[in-house]
>>> print(open('work-v1.cif').read())   # mmCIF, C-alpha atoms (C1' of nucleotides)
data_work
loop_
_atom_site.label_atom_id
_atom_site.label_comp_id
_atom_site.auth_asym_id
_atom_site.auth_seq_id
_atom_site.Cartn_x
_atom_site.Cartn_y
_atom_site.Cartn_z
CA MET A 1 13.09 5.94 -1.17
CA LEU A 2 15.26 8.41 -3.05
CA SER A 3 17.15 6.79 -5.93
CA LYS A 4 20.92 7.04 -6.10
CA LYS A 5 20.51 8.69 -9.44
CA THR A 6 18.77 11.65 -7.83
CA LYS A 7 21.10 11.66 -4.86
CA TYR A 8 24.19 11.71 -7.06
CA GLY A 9 22.63 14.29 -9.34
CA ILE A 10 22.01 16.67 -6.48
CA LYS A 11 25.52 16.18 -5.14
CA ALA A 12 27.01 16.85 -8.56
CA LEU A 13 24.92 20.00 -9.03
CA VAL A 14 25.92 21.28 -5.62
CA HIS A 15 29.53 20.55 -6.46
CA LEU A 16 29.18 22.71 -9.56
CA ALA A 17 27.35 25.41 -7.66
CA ARG A 18 30.13 25.61 -5.10
CA GLN A 19 32.73 26.42 -7.77
CA GLU A 20 34.04 29.94 -7.55
CA GLU A 21 34.26 30.28 -11.31
CA ARG A 22 31.88 28.97 -13.93
CA THR A 23 34.55 27.09 -15.86
CA PRO A 24 33.76 23.52 -16.97
CA VAL A 25 34.41 20.75 -14.46
CA GLN A 26 35.33 17.29 -15.67
CA ILE A 27 33.16 14.29 -14.85
CA SER A 28 36.16 12.51 -13.37
CA THR A 29 36.76 15.37 -10.95
CA ILE A 30 33.19 15.32 -9.66
CA SER A 31 33.16 11.55 -9.62
CA LYS A 32 36.19 11.42 -7.35
CA ALA A 33 35.19 14.28 -5.10
CA GLU A 34 31.69 12.94 -4.48
CA ASN A 35 32.39 9.20 -4.50
CA ILE A 36 30.26 8.42 -7.52
CA SER A 37 30.83 5.79 -10.21
CA GLN A 38 32.06 7.78 -13.19
CA LYS A 39 30.02 6.03 -15.85
CA PHE A 40 26.84 6.31 -13.85
CA LEU A 41 27.47 9.96 -13.18
CA GLU A 42 28.03 10.47 -16.89
CA SER A 43 24.47 9.39 -17.68
CA ILE A 44 23.05 11.57 -14.94
CA LEU A 45 24.85 14.70 -16.11
CA LEU A 46 23.75 13.91 -19.62
CA THR A 47 20.05 14.04 -18.74
CA LEU A 48 20.63 17.27 -16.86
CA ARG A 49 22.29 18.71 -19.92
CA LYS A 50 19.56 17.53 -22.27
CA ASN A 51 17.02 19.25 -20.09
CA GLY A 52 18.66 22.64 -19.95
CA VAL A 53 20.16 22.54 -16.47
CA LEU A 54 23.76 21.99 -17.48
CA GLY A 55 25.93 22.97 -20.39
CA SER A 56 28.96 21.03 -21.55
CA LYS A 57 32.15 21.56 -23.45
CA LYS A 58 34.05 18.86 -25.28
CA GLY A 59 37.76 18.33 -25.78
CA LYS A 60 40.68 19.31 -23.61
CA GLY A 61 39.63 21.64 -20.81
CA GLY A 62 36.06 20.55 -21.30
CA GLY A 63 33.47 19.45 -18.75
CA TYR A 64 30.10 20.42 -17.34
CA TYR A 65 28.89 23.74 -15.96
CA LEU A 66 25.66 25.28 -14.72
CA LEU A 67 23.64 27.20 -17.27
CA LYS A 68 21.93 29.40 -14.69
CA ASP A 69 22.67 30.96 -11.36
CA PRO A 70 22.19 28.42 -8.54
CA LYS A 71 19.54 30.63 -6.94
CA ASP A 72 17.48 30.32 -10.11
CA ILE A 73 17.41 26.53 -10.05
CA PRO A 74 14.60 25.27 -7.81
CA MET A 75 14.68 21.70 -6.60
CA THR A 76 11.36 20.95 -8.28
CA THR A 77 13.21 21.01 -11.59
CA VAL A 78 15.95 18.70 -10.41
CA MET A 79 13.61 16.28 -8.67
CA ARG A 80 11.26 15.97 -11.62
CA LEU A 81 14.09 15.37 -14.06
CA LEU A 82 15.89 12.77 -12.00
CA GLU A 83 13.35 11.22 -9.65
CA GLY A 84 10.20 11.70 -11.67
CA PRO A 85 6.82 12.65 -10.20
CA ILE A 86 6.85 14.35 -6.82
CA ALA A 87 3.48 12.89 -5.87
CA MET A 88 3.46 9.44 -4.30
CA VAL A 89 0.45 8.34 -6.36
CA PRO A 90 -0.29 9.27 -9.98
CA CYS A 91 -3.83 10.41 -9.14
CA VAL A 92 -2.47 13.44 -7.24
CA SER A 93 0.33 14.25 -9.64
CA LEU A 94 0.35 17.61 -11.40
CA ASN A 95 2.70 16.76 -14.25
CA PHE A 96 2.16 13.01 -14.47
CA TYR A 97 -1.53 12.64 -13.65
CA GLU A 98 -3.20 9.26 -14.14
CA LYS A 99 -6.52 7.98 -12.90
CA CYS A 100 -6.46 4.98 -10.56
CA GLU A 101 -7.97 1.88 -12.13
CA ASP A 102 -9.21 0.43 -8.87
CA CYS A 103 -10.67 3.62 -7.48
CA PRO A 104 -14.30 4.45 -8.29
CA ASP A 105 -14.23 8.05 -7.06
CA GLU A 106 -11.15 10.15 -6.34
CA LYS A 107 -13.04 12.68 -4.30
CA VAL A 108 -13.99 10.09 -1.70
CA CYS A 109 -10.69 8.21 -1.79
CA ALA A 110 -8.75 8.33 1.47
CA VAL A 111 -5.43 7.66 -0.19
CA ASN A 112 -5.98 10.52 -2.60
CA LYS A 113 -6.91 12.82 0.26
CA LEU A 114 -3.82 11.99 2.28
CA MET A 115 -1.33 11.98 -0.56
CA LEU A 116 -2.65 15.27 -1.87
CA LYS A 117 -1.69 16.90 1.40
CA VAL A 118 1.76 15.34 1.28
CA ARG A 119 2.33 16.40 -2.30
CA ASP A 120 1.26 20.00 -1.67
CA ASN A 121 3.64 20.22 1.21
CA THR A 122 6.59 18.56 -0.46
CA LEU A 123 6.11 20.61 -3.59
CA GLU A 124 6.19 23.77 -1.53
CA ILE A 125 9.55 22.78 -0.07
CA PHE A 126 11.08 21.91 -3.43
CA ARG A 127 9.77 25.15 -4.95
CA ASN A 128 11.25 27.26 -2.21
CA THR A 129 14.59 25.51 -2.08
CA THR A 130 17.13 26.36 -4.75
CA LEU A 131 20.52 24.95 -5.53
CA ALA A 132 21.98 28.04 -3.88
CA ASP A 133 20.25 27.19 -0.59
CA LEU A 134 21.85 23.76 -0.58
CA SER A 135 25.30 24.98 -1.49
CA ASN A 136 26.16 27.00 1.60
CA MET B 1 6.02 5.92 -5.28
CA LEU B 2 3.52 4.52 -2.82
CA SER B 3 3.35 0.71 -2.93
CA LYS B 4 0.03 -0.99 -3.58
CA LYS B 5 0.47 -2.74 -0.28
CA THR B 6 0.23 0.57 1.56
CA LYS B 7 -2.49 1.86 -0.68
CA TYR B 8 -4.62 -1.23 -0.16
CA GLY B 9 -3.87 -1.24 3.54
CA ILE B 10 -5.12 2.31 3.95
CA LYS B 11 -8.25 1.57 1.93
CA ALA B 12 -8.99 -1.48 4.03
CA LEU B 13 -8.49 0.40 7.27
CA VAL B 14 -10.77 3.19 6.13
CA HIS B 15 -13.34 0.60 5.12
CA LEU B 16 -13.25 -0.78 8.66
CA ALA B 17 -13.34 2.68 10.18
CA ARG B 18 -16.45 3.55 8.19
CA GLN B 19 -18.38 0.64 9.69
CA GLU B 20 -21.13 1.73 12.02
CA GLU B 21 -20.56 -1.17 14.37
CA ARG B 22 -17.27 -2.72 15.41
CA THR B 23 -18.25 -6.24 14.36
CA PRO B 24 -15.70 -8.29 12.37
CA VAL B 25 -15.63 -7.80 8.61
CA GLN B 26 -14.56 -10.64 6.34
CA ILE B 27 -11.57 -10.29 4.05
CA SER B 28 -13.72 -11.24 1.07
CA THR B 29 -16.10 -8.38 1.82
CA ILE B 30 -13.33 -5.78 1.92
CA SER B 31 -11.63 -7.34 -1.08
CA LYS B 32 -14.74 -6.97 -3.21
CA ALA B 33 -15.74 -3.53 -1.98
CA GLU B 34 -12.28 -2.06 -2.51
CA ASN B 35 -11.20 -3.97 -5.62
CA ILE B 36 -8.27 -5.70 -3.99
CA SER B 37 -6.89 -9.17 -4.69
CA GLN B 38 -8.11 -11.24 -1.75
CA LYS B 39 -4.93 -13.17 -1.10
CA PHE B 40 -2.79 -10.05 -1.24
CA LEU B 41 -5.14 -8.26 1.12
CA GLU B 42 -4.92 -11.21 3.47
CA SER B 43 -1.19 -10.69 3.95
CA ILE B 44 -1.64 -6.96 4.46
CA LEU B 45 -4.29 -7.37 7.14
CA LEU B 46 -2.12 -9.97 8.78
CA THR B 47 0.77 -7.56 9.30
CA LEU B 48 -1.65 -4.98 10.63
CA ARG B 49 -2.96 -7.53 13.08
CA LYS B 50 0.51 -8.63 14.16
CA ASN B 51 1.37 -5.05 14.92
CA GLY B 52 -1.59 -4.25 17.10
CA VAL B 53 -3.69 -2.22 14.70
CA LEU B 54 -6.28 -4.88 13.93
CA GLY B 55 -7.88 -7.73 15.82
CA SER B 56 -9.30 -10.82 14.20
CA LYS B 57 -11.83 -13.50 14.92
CA LYS B 58 -11.82 -16.95 13.36
CA GLY B 59 -14.68 -19.21 12.29
CA LYS B 60 -18.16 -18.36 11.18
CA GLY B 61 -18.99 -14.72 11.66
CA GLY B 62 -15.28 -13.97 11.94
CA GLY B 63 -13.19 -11.32 10.26
CA TYR B 64 -11.06 -8.29 11.06
CA TYR B 65 -11.84 -5.25 13.17
CA LEU B 66 -10.09 -2.15 14.48
CA LEU B 67 -8.59 -2.42 17.94
CA LYS B 68 -8.75 1.30 18.63
CA ASP B 69 -10.92 4.23 17.79
CA PRO B 70 -10.06 5.59 14.31
CA LYS B 71 -9.18 8.97 15.81
CA ASP B 72 -6.47 7.26 17.87
CA ILE B 73 -4.73 5.73 14.86
CA PRO B 74 -2.32 8.24 13.31
CA MET B 75 -1.08 7.65 9.78
CA THR B 76 2.52 7.51 10.99
CA THR B 77 1.75 4.09 12.44
CA VAL B 78 0.13 2.81 9.26
CA MET B 79 2.80 4.21 6.96
CA ARG B 80 5.68 2.82 8.97
CA LEU B 81 4.13 -0.63 9.17
CA LEU B 82 3.24 -0.92 5.50
CA GLU B 83 5.54 1.42 3.60
CA GLY B 84 8.53 1.43 5.90
CA PRO B 85 10.62 4.53 6.68
CA ILE B 86 8.99 7.89 6.10
CA ALA B 87 12.30 9.54 5.25
CA MET B 88 13.48 9.34 1.67
CA VAL B 89 17.06 8.62 2.70
CA PRO B 90 18.19 6.51 5.67
CA CYS B 91 20.48 9.25 6.98
CA VAL B 92 17.50 11.41 7.95
CA SER B 93 15.32 8.59 9.25
CA LEU B 94 14.22 8.62 12.87
CA ASN B 95 13.31 4.96 13.22
CA PHE B 96 15.53 3.44 10.55
CA TYR B 97 18.65 5.62 10.71
CA GLU B 98 21.72 4.57 8.76
CA LYS B 99 24.84 6.49 7.88
CA CYS B 100 25.55 7.02 4.18
CA GLU B 101 28.63 5.17 3.00
CA ASP B 102 29.54 7.66 0.33
CA CYS B 103 28.99 10.76 2.42
CA PRO B 104 31.94 12.12 4.43
CA ASP B 105 29.94 14.58 6.54
CA GLU B 106 26.18 14.65 7.01
CA LYS B 107 26.17 18.19 8.33
CA VAL B 108 27.51 19.54 5.05
CA CYS B 109 25.55 17.20 2.79
CA ALA B 110 23.01 18.92 0.56
CA VAL B 111 20.89 15.83 0.15
CA ASN B 112 20.67 15.41 3.89
CA LYS B 113 19.72 19.05 4.32
CA LEU B 114 16.94 18.88 1.75
CA MET B 115 15.52 15.54 2.72
CA LEU B 116 15.48 16.48 6.38
CA LYS B 117 13.11 19.30 5.56
CA VAL B 118 10.90 17.01 3.55
CA ARG B 119 10.82 14.38 6.26
CA ASP B 120 9.95 16.88 8.99
CA ASN B 121 7.09 18.15 6.94
CA THR B 122 5.74 14.81 5.86
CA LEU B 123 6.00 13.42 9.35
CA GLU B 124 3.99 16.35 10.64
CA ILE B 125 1.19 15.55 8.21
CA PHE B 126 1.12 11.86 9.05
CA ARG B 127 1.15 12.62 12.77
CA ASN B 128 -1.74 14.99 12.53
CA THR B 129 -3.85 12.86 10.24
CA THR B 130 -5.74 9.98 11.79
CA LEU B 131 -7.82 7.24 10.28
CA ALA B 132 -10.87 9.17 11.42
CA ASP B 133 -9.82 12.19 9.32
CA LEU B 134 -9.65 10.03 6.22
CA SER B 135 -12.94 8.28 6.83
CA ASN B 136 -15.33 11.19 6.43
"C1'" DC C 1 -18.53 -33.88 17.44
"C1'" DT C 2 -18.45 -32.91 12.89
"C1'" DT C 3 -18.71 -29.66 9.29
"C1'" DT C 4 -18.12 -25.30 7.56
"C1'" DT C 5 -16.20 -20.97 7.75
"C1'" DA C 6 -12.59 -17.85 7.57
"C1'" DC C 7 -8.28 -16.63 9.32
"C1'" DC C 8 -3.17 -18.17 9.25
"C1'" DC C 9 1.31 -19.28 7.06
"C1'" DT C 10 5.05 -20.52 3.63
"C1'" DA C 11 6.90 -20.74 -0.74
"C1'" DT C 12 7.40 -19.26 -5.30
"C1'" DA C 13 7.34 -16.59 -9.56
"C1'" DG C 14 6.65 -12.96 -13.16
"C1'" DA C 15 7.27 -8.08 -13.88
"C1'" DT C 16 9.49 -3.96 -13.07
"C1'" DT C 17 12.98 -0.90 -11.42
"C1'" DT C 18 17.54 0.16 -9.93
"C1'" DA C 19 22.31 0.73 -10.32
"C1'" DG C 20 25.35 0.17 -12.56
"C1'" DT C 21 29.05 -2.02 -16.54
"C1'" DA C 22 30.82 -2.62 -21.24
"C1'" DG C 23 32.29 -0.82 -25.23
"C1'" DG C 24 32.85 2.07 -28.19
"C1'" DG C 25 31.78 6.82 -31.07
"C1'" DT C 26 32.58 11.79 -31.86
"C1'" DA C 27 33.70 16.54 -31.36
"C1'" DT C 28 37.17 19.75 -29.77
"C1'" DT C 29 41.51 21.45 -28.42
"C1'" DG C 30 46.46 22.00 -28.46
"C1'" DC D 1 46.84 14.47 -35.77
"C1'" DA D 2 46.77 12.83 -31.32
"C1'" DA D 3 44.97 13.29 -26.93
"C1'" DT D 4 41.17 14.56 -24.24
"C1'" DA D 5 36.65 14.25 -22.55
"C1'" DC D 6 31.96 14.30 -23.65
"C1'" DC D 7 28.26 11.33 -26.06
"C1'" DC D 8 25.39 7.20 -26.81
"C1'" DT D 9 23.50 2.33 -26.88
"C1'" DA D 10 22.95 -1.96 -25.03
"C1'" DC D 11 23.11 -5.18 -21.56
"C1'" DT D 12 22.91 -7.31 -16.84
"C1'" DA D 13 22.92 -8.57 -11.81
"C1'" DA D 14 20.32 -7.66 -7.95
"C1'" DA D 15 16.50 -6.12 -5.51
"C1'" DT D 16 11.70 -5.13 -4.89
"C1'" DC D 17 6.94 -5.42 -5.86
"C1'" DT D 18 2.73 -7.76 -6.63
"C1'" DA D 19 0.81 -10.98 -6.42
"C1'" DT D 20 -0.57 -16.59 -6.79
"C1'" DA D 21 -0.60 -21.39 -5.09
"C1'" DG D 22 -1.67 -24.47 -1.80
"C1'" DG D 23 -2.65 -25.83 1.96
"C1'" DG D 24 -3.01 -25.60 7.70
"C1'" DT D 25 -5.64 -24.42 11.87
"C1'" DA D 26 -8.81 -22.41 15.16
"C1'" DA D 27 -13.54 -21.44 16.21
"C1'" DA D 28 -18.43 -21.37 15.76
"C1'" DA D 29 -22.94 -23.57 14.31
"C1'" DG D 30 -25.94 -27.26 14.39
#
>>> encode(input="work-v1.cif", output="structure tokens")
Amino acid sequence: MLSKKTKYGIKALVHLARQEERTPVQISTISKAENISQKFLESILLTLRKNGVLGSKKGKGGGYYLLKDPKDIPMTTVMRLLEGPIAMVPCVSLNFYEKCEDCPDEKVCAVNKLMLKVRDNTLEIFRNTTLADLSN
Amino acid sequence: MLSKKTKYGIKALVHLARQEERTPVQISTISKAENISQKFLESILLTLRKNGVLGSKKGKGGGYYLLKDPKDIPMTTVMRLLEGPIAMVPCVSLNFYEKCEDCPDEKVCAVNKLMLKVRDNTLEIFRNTTLADLSN
DNA sequence: CTTTTACCCTATAGATTTAGTAGGGTATTG
DNA sequence: CAATACCCTACTAAATCTATAGGGTAAAAG
């Protein structure tokens, strides 16, 4: 199941991408427009800023804005930052690999086999979908 | 993340599918072979039995066995029984559809758009992968 | 017909994750 | 210097997961 954190994060990013101009947008504005708890949204935008997706400006007229063009932000980036690993099991994860304790041999493991297919496929979708694709 | 319930369930099913003969296999046998807590496995096999995937036989020489040929058991069935909805958000689920509360219009929603693609793709994989495919 | 085997069922509990809330701190702008 | 709006830490209620405990019941063997 997709966490609300990720869901809200995507909605907020799309909101920013849909802006005509790249001027900062206040948290409260996004929060109201997208029906998201302001404080919760604050923490989400913060992690996106810390990881180079968003920039921010303090003080009056401040807010958050995209650091890159929406077409240069693939969903892999967003998903990994907010949701974590794309793979459903650690033993098929590219960025968060871990061996299964209970599994004697990955190469014979049915779960590994199946989830590897799913990961490859899902990854392909996230790679080929950018923020721009979702903002139309 | 895939739950251990599903993971164990798949391993157990593959274990049964790999049997030469279709004679009942005891829980304790599967539990030891696959490194699964016996009591936990018991509850998993029970739900698979209640939903027509497995049959069981009581008493001496009893155990669990597949009701169909492995090639006639698609992973969609297994995943839905053990893991639940395949979609990552209820608003793109086929069998467990629910409208989002916070979302004014699904057709314009970026999350919906993205997750629909992922679901279509994942579903395709689960449909085209049977227990027999995982058992080789 | 009795004993053993092995499935069947309910309840509970510790650990972890999720989805926030509370409460303030700090930098910037006007 | 006062108002704005981002920045940060800590905590918590609720849900889910991963089992464990403790027996009950049907069926087969002898």
>>> residues_near_point(input="work-v1.cif", point="(-8.2, 9.1, 4.1)", cutoff="6 Å", atoms="all atoms listed in the file", output="list in words")
Ala110, Val111, Lys113 and Leu114 of chain A; Leu134 and Ser135 of chain B
>>> write_last_selection(input="work-v1.cif", atoms="C-alpha atoms", output="PDB file, in the frame of the given file")
ATOM      1  CA  ALA A 110      -8.750   8.330   1.470  1.00  0.00           C
ATOM      2  CA  VAL A 111      -5.430   7.660  -0.190  1.00  0.00           C
ATOM      3  CA  LYS A 113      -6.910  12.820   0.260  1.00  0.00           C
ATOM      4  CA  LEU A 114      -3.820  11.990   2.280  1.00  0.00           C
TER       5      LEU A 114
ATOM      6  CA  LEU B 134      -9.650  10.030   6.220  1.00  0.00           C
ATOM      7  CA  SER B 135     -12.940   8.280   6.830  1.00  0.00           C
TER       8      SER B 135
END
>>> resolve_selection(input="work-v1.cif", expression="the PyMOL selection byres ((chain A) within 12 of (chain D))", output="PyMOL selection string")
chain A and resi 1+24-29+39+42-43+45-47+49-50+55-64
>>> axis_aligned_box(input="work-v1.cif", around="range 25-38 of chain A", padding_each_side="3 Å", output="lines of an AutoDock Vina configuration file")
center_x = 33.5
center_y = 13.3
center_z = -10.1
size_x = 12.5
size_y = 21.0
size_z = 17.2
>>> closest_atom_pairs(input="work-v1.cif", of="chain B", to="chain A", cutoff="9 Å", atoms="only C-alpha atoms", output="CSV")
residue,atom,partner,partner_atom,distance
B:Met1,CA,A:Met88,CA,4.5
B:Leu2,CA,A:Met88,CA,5.1
B:Ser3,CA,A:Met88,CA,8.8
B:Lys7,CA,A:Val111,CA,6.5
B:Tyr8,CA,A:Val111,CA,8.9
B:Ile10,CA,A:Val111,CA,6.8
B:Lys11,CA,A:Ala110,CA,6.8
B:Val14,CA,A:Ala110,CA,7.2
B:Glu34,CA,A:Asp102,CA,7.5
B:Asn35,CA,A:Asp102,CA,5.8
B:Ile36,CA,A:Asp102,CA,7.9
B:Pro85,CA,A:Met1,CA,8.3
B:Ile86,CA,A:Met1,CA,8.6
B:Ala87,CA,A:Met1,CA,7.4
B:Met88,CA,A:Met1,CA,4.4
B:Val89,CA,A:Leu2,CA,6.0
B:Pro90,CA,A:Met1,CA,8.6
B:Asp102,CA,A:Asn35,CA,5.8
B:Cys103,CA,A:Glu34,CA,7.7
B:Pro104,CA,A:Glu34,CA,9.0
B:Val108,CA,A:Asn136,CA,8.3
B:Cys109,CA,A:Lys11,CA,8.0
B:Ala110,CA,A:Leu134,CA,5.1
B:Val111,CA,A:Lys7,CA,6.5
B:Lys113,CA,A:Leu134,CA,7.1
B:Leu114,CA,A:Leu134,CA,7.3
B:Lys117,CA,A:Ile125,CA,7.5
B:Val118,CA,A:Thr122,CA,6.1
B:Arg119,CA,A:Thr122,CA,9.0
B:Asn121,CA,A:Asn121,CA,7.0
B:Thr122,CA,A:Val118,CA,6.1
B:Ile125,CA,A:Val118,CA,7.0
B:Phe126,CA,A:Leu114,CA,8.4
B:Thr129,CA,A:Leu114,CA,8.0
B:Leu131,CA,A:Ala110,CA,8.9
B:Asp133,CA,A:Ala110,CA,8.8
B:Leu134,CA,A:Ala110,CA,5.1
B:Ser135,CA,A:Ala110,CA,6.8
B:Asn136,CA,A:Val108,CA,8.3
>>> interface_residues(input="work-v1.cif", of="chain C", to="chain A", cutoff="12 Å", atoms="all atoms listed in the file", output="JSON, numbers by chain")
{"C": [17, 18, 19, 20, 21, 22, 23, 26, 27, 28, 29, 30]}
>>> atom_distance(input="work-v1.cif", atom1="CA of Cys91 in chain A", atom2="CA of Leu116 in chain A")
8.8 Å
>>> atom_distance(input="work-v1.cif", atom1="CA of Pro70 in chain A", atom2="CA of Lys107 in chain B")
20.1 Å
>>> decode(input="work-v1.cif", residues="range 9-21 of chain A", atoms="N, CA and C atoms", output="mmCIF file, in the first residue's frame")
data_model
loop_
_atom_site.group_PDB
_atom_site.id
_atom_site.type_symbol
_atom_site.label_atom_id
_atom_site.label_comp_id
_atom_site.auth_asym_id
_atom_site.auth_seq_id
_atom_site.Cartn_x
_atom_site.Cartn_y
_atom_site.Cartn_z
ATOM 1 N N GLY A 9 3.182 13.794 -1.068
ATOM 2 C CA GLY A 9 4.386 14.329 -1.685
ATOM 3 C C GLY A 9 4.229 14.487 -3.186
ATOM 4 N N ILE A 10 3.683 13.477 -3.817
ATOM 5 C CA ILE A 10 3.467 13.532 -5.261
ATOM 6 C C ILE A 10 2.492 14.652 -5.608
ATOM 7 N N LYS A 11 1.416 14.726 -4.849
ATOM 8 C CA LYS A 11 0.415 15.770 -5.107
ATOM 9 C C LYS A 11 1.023 17.163 -4.973
ATOM 10 N N ALA A 12 1.837 17.336 -3.952
ATOM 11 C CA ALA A 12 2.475 18.637 -3.732
ATOM 12 C C ALA A 12 3.429 18.964 -4.884
ATOM 13 N N LEU A 13 4.205 17.983 -5.312
ATOM 14 C CA LEU A 13 5.151 18.211 -6.410
ATOM 15 C C LEU A 13 4.417 18.565 -7.697
ATOM 16 N N VAL A 14 3.327 17.867 -7.942
ATOM 17 C CA VAL A 14 2.545 18.156 -9.137
ATOM 18 C C VAL A 14 1.954 19.562 -9.046
ATOM 19 N N HIS A 15 1.512 19.908 -7.863
ATOM 20 C CA HIS A 15 0.993 21.260 -7.643
ATOM 21 C C HIS A 15 2.038 22.312 -8.032
ATOM 22 N N LEU A 16 3.262 22.061 -7.588
ATOM 23 C CA LEU A 16 4.354 22.991 -7.914
ATOM 24 C C LEU A 16 4.671 22.970 -9.408
ATOM 25 N N ALA A 17 4.606 21.808 -9.982
ATOM 26 C CA ALA A 17 4.930 21.683 -11.408
ATOM 27 C C ALA A 17 3.902 22.380 -12.284
ATOM 28 N N ARG A 18 2.674 22.459 -11.782
ATOM 29 C CA ARG A 18 1.601 23.070 -12.564
ATOM 30 C C ARG A 18 1.612 24.590 -12.507
ATOM 31 N N GLN A 19 2.426 25.153 -11.627
ATOM 32 C CA GLN A 19 2.562 26.611 -11.554
ATOM 33 C C GLN A 19 3.111 27.156 -12.869
ATOM 34 N N GLU A 20 2.551 28.251 -13.284
ATOM 35 C CA GLU A 20 3.070 28.918 -14.492
ATOM 36 C C GLU A 20 4.494 29.401 -14.232
ATOM 37 N N GLU A 21 4.623 30.159 -13.143
ATOM 38 C CA GLU A 21 5.925 30.721 -12.805
ATOM 39 C C GLU A 21 6.599 29.896 -11.717
#
